[in-house]
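Following: one structure in structure tokens, then a few remarks.
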Amino acid sequence: MNVKKELIEAGKYLKTNQLAWGTSGNISAKSDDNHMLITASGTYMADLKEDDFVTCEIETGKYEGTRKASKETPMHTGIYRMRKDVKAVLHSSPFYTTLFACSNEQIYSELFVETMYYLENIAYVDYFHPGTQELGDAVTEQATKANIIMLKNHGVVVYDDSMSEAIMRLETLEMACRMILKAKESGVKLNHIPDQVVTSFLEDSRYKPRKKLG
């Protein structure tokens with residue numbers, strides 16, 4: 001599958017599974033070591049077309065063509081510059097994840113298999129207006145510390161070495177946020193997996209080989 005088709009399918013999947021809505025959010029993927037394809041400004045995630053993407057130079061952020069690249073391009077280029085292992089970046093605002101981004105509720109990773117693996121490291125950045133260089137710089141600064149960055153009062157950025165893994169990371173995050181909230185609403189006490197068990201799970205690759213931060 002070529003990069004544009006992969007991005008189109010990713011957009012449909014995100015919308016269908018309530019991980020994105022309307023024109024909120026943007027996605028990108030590397031087309032080679034020096035360039036990325038990113039959604040153009042104002043595109044609908046569920047209805048992306050071949051001409052809804054802009055080629056950007058990762059180092060400079062300069063883009064080609066008549067379409068304007070997403071205003072969040074500085075976040076994407078910053079992540080790719082700091083993380084040579086990353087091939088796909090998703091910025092979105094799923095309901096439960098964004099609820100947590102707008103609160104002080106804690107996201108726990110020691111709940112079940114996927115959360116232990118995908119939510120091991122989560123970074124946070126304070127609120128900056130969307131599309132600003134300040135937001136791009138804040139995300140860039142945190143890019144080597146996690147594969148998930150919560151944007152306070154905004155949403156989330158996730159990234160990984162493939163589009164499928166980035167989506168799985170986002171799905172796991174949304175699932176965990178929903179579970180934590182529902183448990184709190186219903187008075188259910190969640191049992192956390194002991195730290196030593198989590199460490200054994202990650203270090204011994206009980207699920208799959210642990211991904212090291214770039």
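If you're wondering about the labels, chains in the structure tokens are A, B, ... by order shown, residues count from 1 in each chain, ligands from 1 in order shown.
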For this session: Tell me, as a ChimeraX atom specification, which residues lie within 10 Å of A:Ala29, counting only C-alpha atoms; anything in the same chain fewer than 4 positions away does not count.
Result: /A:3-4,6-7,35-39,55,76,80,86-90,159-163
Mind dumping the selected residues with N, CA and C atoms as a PDB file, in the first residue's frame?
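As written to disk, result_9.pdb reads:
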ATOM      1  N   VAL A   3       1.849   5.346   0.486  1.00  0.00           N
ATOM      2  CA  VAL A   3       1.675   6.178   1.672  1.00  0.00           C
ATOM      3  C   VAL A   3       0.327   6.902   1.670  1.00  0.00           C
ATOM      4  N   LYS A   4      -0.079   7.447   0.541  1.00  0.00           N
ATOM      5  CA  LYS A   4      -1.359   8.166   0.485  1.00  0.00           C
ATOM      6  C   LYS A   4      -2.532   7.244   0.796  1.00  0.00           C
ATOM      7  N   GLU A   6      -2.449   4.535   2.529  1.00  0.00           N
ATOM      8  CA  GLU A   6      -2.371   4.177   3.946  1.00  0.00           C
ATOM      9  C   GLU A   6      -2.964   5.283   4.814  1.00  0.00           C
ATOM     10  N   LEU A   7      -2.675   6.522   4.471  1.00  0.00           N
ATOM     11  CA  LEU A   7      -3.220   7.650   5.222  1.00  0.00           C
ATOM     12  C   LEU A   7      -4.732   7.772   5.040  1.00  0.00           C
ATOM     13  N   HIS A  35      11.288  13.520   4.002  1.00  0.00           N
ATOM     14  CA  HIS A  35       9.984  14.113   3.692  1.00  0.00           C
ATOM     15  C   HIS A  35       8.845  13.351   4.363  1.00  0.00           C
ATOM     16  N   MET A  36       7.748  14.064   4.566  1.00  0.00           N
ATOM     17  CA  MET A  36       6.534  13.437   5.082  1.00  0.00           C
ATOM     18  C   MET A  36       5.351  13.904   4.256  1.00  0.00           C
ATOM     19  N   LEU A  37       4.310  13.093   4.265  1.00  0.00           N
ATOM     20  CA  LEU A  37       3.020  13.487   3.711  1.00  0.00           C
ATOM     21  C   LEU A  37       2.110  13.787   4.890  1.00  0.00           C
ATOM     22  N   ILE A  38       1.448  14.949   4.859  1.00  0.00           N
ATOM     23  CA  ILE A  38       0.568  15.339   5.951  1.00  0.00           C
ATOM     24  C   ILE A  38      -0.751  15.837   5.368  1.00  0.00           C
ATOM     25  N   THR A  39      -1.814  15.660   6.120  1.00  0.00           N
ATOM     26  CA  THR A  39      -3.116  16.131   5.656  1.00  0.00           C
ATOM     27  C   THR A  39      -3.092  17.645   5.456  1.00  0.00           C
ATOM     28  N   THR A  55       3.213  17.344   0.638  1.00  0.00           N
ATOM     29  CA  THR A  55       4.562  16.857   0.907  1.00  0.00           C
ATOM     30  C   THR A  55       5.366  17.948   1.594  1.00  0.00           C
ATOM     31  N   HIS A  76       4.461  17.707  13.874  1.00  0.00           N
ATOM     32  CA  HIS A  76       4.843  16.512  13.118  1.00  0.00           C
ATOM     33  C   HIS A  76       6.321  16.551  12.743  1.00  0.00           C
ATOM     34  N   TYR A  80       9.425  13.940  13.957  1.00  0.00           N
ATOM     35  CA  TYR A  80      10.263  13.198  13.009  1.00  0.00           C
ATOM     36  C   TYR A  80      11.742  13.577  13.138  1.00  0.00           C
ATOM     37  N   VAL A  86      10.454   6.928  14.086  1.00  0.00           N
ATOM     38  CA  VAL A  86       9.023   7.171  13.872  1.00  0.00           C
ATOM     39  C   VAL A  86       8.711   7.277  12.386  1.00  0.00           C
ATOM     40  N   LYS A  87       7.636   6.601  11.971  1.00  0.00           N
ATOM     41  CA  LYS A  87       7.196   6.616  10.566  1.00  0.00           C
ATOM     42  C   LYS A  87       5.797   7.199  10.388  1.00  0.00           C
ATOM     43  N   ALA A  88       5.031   7.301  11.494  1.00  0.00           N
ATOM     44  CA  ALA A  88       3.656   7.803  11.402  1.00  0.00           C
ATOM     45  C   ALA A  88       3.307   8.602  12.654  1.00  0.00           C
ATOM     46  N   VAL A  89       2.584   9.711  12.454  1.00  0.00           N
ATOM     47  CA  VAL A  89       2.165  10.576  13.562  1.00  0.00           C
ATOM     48  C   VAL A  89       0.661  10.849  13.429  1.00  0.00           C
ATOM     49  N   LEU A  90      -0.066  10.698  14.529  1.00  0.00           N
ATOM     50  CA  LEU A  90      -1.500  10.963  14.561  1.00  0.00           C
ATOM     51  C   LEU A  90      -1.781  12.016  15.624  1.00  0.00           C
ATOM     52  N   TYR A 159       2.590   8.507  18.100  1.00  0.00           N
ATOM     53  CA  TYR A 159       3.469   8.232  16.959  1.00  0.00           C
ATOM     54  C   TYR A 159       4.176   6.899  17.177  1.00  0.00           C
ATOM     55  N   ASP A 160       4.554   6.281  16.052  1.00  0.00           N
ATOM     56  CA  ASP A 160       5.165   4.958  16.156  1.00  0.00           C
ATOM     57  C   ASP A 160       5.903   4.631  14.865  1.00  0.00           C
ATOM     58  N   ASP A 161       6.445   3.414  14.817  1.00  0.00           N
ATOM     59  CA  ASP A 161       7.234   3.010  13.648  1.00  0.00           C
ATOM     60  C   ASP A 161       6.378   2.474  12.505  1.00  0.00           C
ATOM     61  N   SER A 162       5.072   2.466  12.693  1.00  0.00           N
ATOM     62  CA  SER A 162       4.143   2.116  11.612  1.00  0.00           C
ATOM     63  C   SER A 162       2.794   2.743  11.921  1.00  0.00           C
ATOM     64  N   MET A 163       1.983   2.901  10.886  1.00  0.00           N
ATOM     65  CA  MET A 163       0.649   3.470  11.077  1.00  0.00           C
ATOM     66  C   MET A 163      -0.213   2.558  11.945  1.00  0.00           C
TER      67      MET A 163
END
Problem set entry | DSSP-assigned helix (DSSP H, G or I) among stretch 14-213 of chain A, expressed as a ChimeraX atom specification | /A:14-16,45-47,50-52,73-82,95-101,113-118,133-142,163-186,195-203
Problem set entry | Contacts of stretch 12-23 of chain A at 8 Å (only C-alpha atoms; same-chain gap of 3+ positions) as a list of chain:residue names | A:Ile8, A:Glu9, A:Gly42, A:Thr43, A:Tyr44, A:Met45, A:Ala46, A:Asp47, A:Leu48, A:Ser92, A:Ser93, A:Pro94, A:Phe95, A:Ile167, A:Leu170, A:Glu171, A:Glu174
For this session: Would you mind listing what lies within 8 Å of A:Asn34 as a VMD selection string, with only C-alpha atoms counted and same-chain residues fewer than 4 positions away left out?
Result: chain A and resid 30 57 to 59
Could you dump the residues just selected with N, CA and C atoms as a PDB file, in the first residue's frame?
ATOM      1  N   LYS A  30       5.924   9.297   6.965  1.00  0.00           N
ATOM      2  CA  LYS A  30       7.143   9.555   6.209  1.00  0.00           C
ATOM      3  C   LYS A  30       7.024   8.962   4.811  1.00  0.00           C
ATOM      4  N   GLU A  57       9.039  19.013   3.744  1.00  0.00           N
ATOM      5  CA  GLU A  57      10.418  18.699   4.104  1.00  0.00           C
ATOM      6  C   GLU A  57      10.505  18.680   5.627  1.00  0.00           C
ATOM      7  N   ILE A  58      10.987  17.575   6.176  1.00  0.00           N
ATOM      8  CA  ILE A  58      10.988  17.402   7.631  1.00  0.00           C
ATOM      9  C   ILE A  58      11.886  18.413   8.332  1.00  0.00           C
ATOM     10  N   GLU A  59      13.022  18.694   7.773  1.00  0.00           N
ATOM     11  CA  GLU A  59      13.983  19.578   8.438  1.00  0.00           C
ATOM     12  C   GLU A  59      13.510  21.022   8.482  1.00  0.00           C
TER      13      GLU A  59
END
Surrounding residues of A:Val197 excluding itself and chain neighbours under 4 positions, 12 Å, only C-alpha atoms, as a compact mmCIF listing (two decimals) with N, CA and C atoms, in the first residue's frame:
# COMPACT_ATOMS: atom_id res chain seq x y z
N GLU A 110 -0.92 0.19 34.30
CA GLU A 110 -0.83 -1.15 34.88
C GLU A 110 -2.20 -1.81 35.04
N LEU A 111 -3.00 -1.75 33.96
CA LEU A 111 -4.36 -2.29 34.02
C LEU A 111 -4.52 -3.62 33.30
N PHE A 112 -4.05 -3.69 32.07
CA PHE A 112 -4.15 -4.94 31.30
C PHE A 112 -3.00 -4.99 30.30
N VAL A 113 -2.94 -6.06 29.53
CA VAL A 113 -1.78 -6.32 28.68
C VAL A 113 -1.43 -5.14 27.78
N MET A 116 -0.15 -1.95 29.57
CA MET A 116 1.23 -2.09 30.05
C MET A 116 2.22 -1.79 28.93
N HIS A 192 -4.82 -2.83 40.08
CA HIS A 192 -3.63 -2.54 39.31
C HIS A 192 -2.64 -3.70 39.37
N ILE A 193 -2.01 -3.99 38.27
CA ILE A 193 -1.00 -5.03 38.22
C ILE A 193 0.23 -4.55 38.99
N PHE A 201 6.90 -8.20 32.67
CA PHE A 201 6.17 -8.25 31.40
C PHE A 201 6.91 -7.49 30.31
N LEU A 202 7.37 -6.28 30.63
CA LEU A 202 8.04 -5.44 29.64
C LEU A 202 9.45 -5.93 29.31
N GLU A 203 10.21 -6.26 30.34
CA GLU A 203 11.61 -6.63 30.12
C GLU A 203 11.76 -8.00 29.49
N ASP A 204 10.83 -8.90 29.75
CA ASP A 204 10.92 -10.26 29.20
C ASP A 204 10.10 -10.44 27.94
N SER A 205 9.59 -9.33 27.39
CA SER A 205 8.81 -9.34 26.14
C SER A 205 7.68 -10.36 26.19
N ARG A 206 6.89 -10.29 27.24
CA ARG A 206 5.79 -11.23 27.41
C ARG A 206 4.66 -10.99 26.39
For this session: Please identify all polymer residues within 9 Å of A:Arg83, counting only C-alpha atoms, omitting same-chain residues fewer than 4 positions from it, and present them as a list in words.
Result: Gly78, Ile79, Lys87, Ala143, Thr144, Leu213 and Gly214 of chain A
N, CA and C atoms of the current selection, written as a tab-separated table (two decimals), in the first residue's frame:
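result_30.tsv, freshly written:
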chain	number	residue	atom	x	y	z
A	78	GLY	N	8.69	18.23	14.09
A	78	GLY	CA	9.51	18.16	15.30
A	78	GLY	C	9.68	16.73	15.79
A	79	ILE	N	8.60	15.97	15.77
A	79	ILE	CA	8.68	14.56	16.20
A	79	ILE	C	9.59	13.77	15.26
A	87	LYS	N	7.64	6.60	11.97
A	87	LYS	CA	7.20	6.62	10.57
A	87	LYS	C	5.80	7.20	10.39
A	143	ALA	N	9.33	14.76	22.62
A	143	ALA	CA	9.22	13.65	21.66
A	143	ALA	C	10.07	12.44	22.00
A	144	THR	N	11.21	12.64	22.65
A	144	THR	CA	12.09	11.51	22.97
A	144	THR	C	11.71	10.82	24.28
A	213	LEU	N	12.66	4.04	23.35
A	213	LEU	CA	12.45	5.41	22.91
A	213	LEU	C	13.67	5.87	22.13
A	214	GLY	N	13.41	6.54	21.00
A	214	GLY	CA	14.50	6.99	20.15
A	214	GLY	C	15.17	8.24	20.70
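Using only C-alpha atoms, the residues found no farther than 7 Å from A:Tyr124, other than those of its own chain fewer than 3 positions away, are Ile149, Met150 and Leu151 of chain A.
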For this session: Quick one: pick out all strand (DSSP E or B) residues within stretch 20-214 of chain A from a backbone DSSP run and write them as a PyMOL selection string.
Result: chain A and resi 21+24+26-32+35-40+53-57+63+69+88-92+123-125+148-151+155-160
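Between atom CA of A:Ile148 and atom CA of A:Ser28 the interatomic distance comes to 15.2 Å.
Proximity ranking of A:Lys212, A:Thr66, A:Thr199, A:Ile27 relative to A:Val158 places A:Ile27 first, based on only C-alpha atoms.
If you look at atom CA of A:Lys68 and atom CA of A:Asp32, they are 20.3 Å away from each other.
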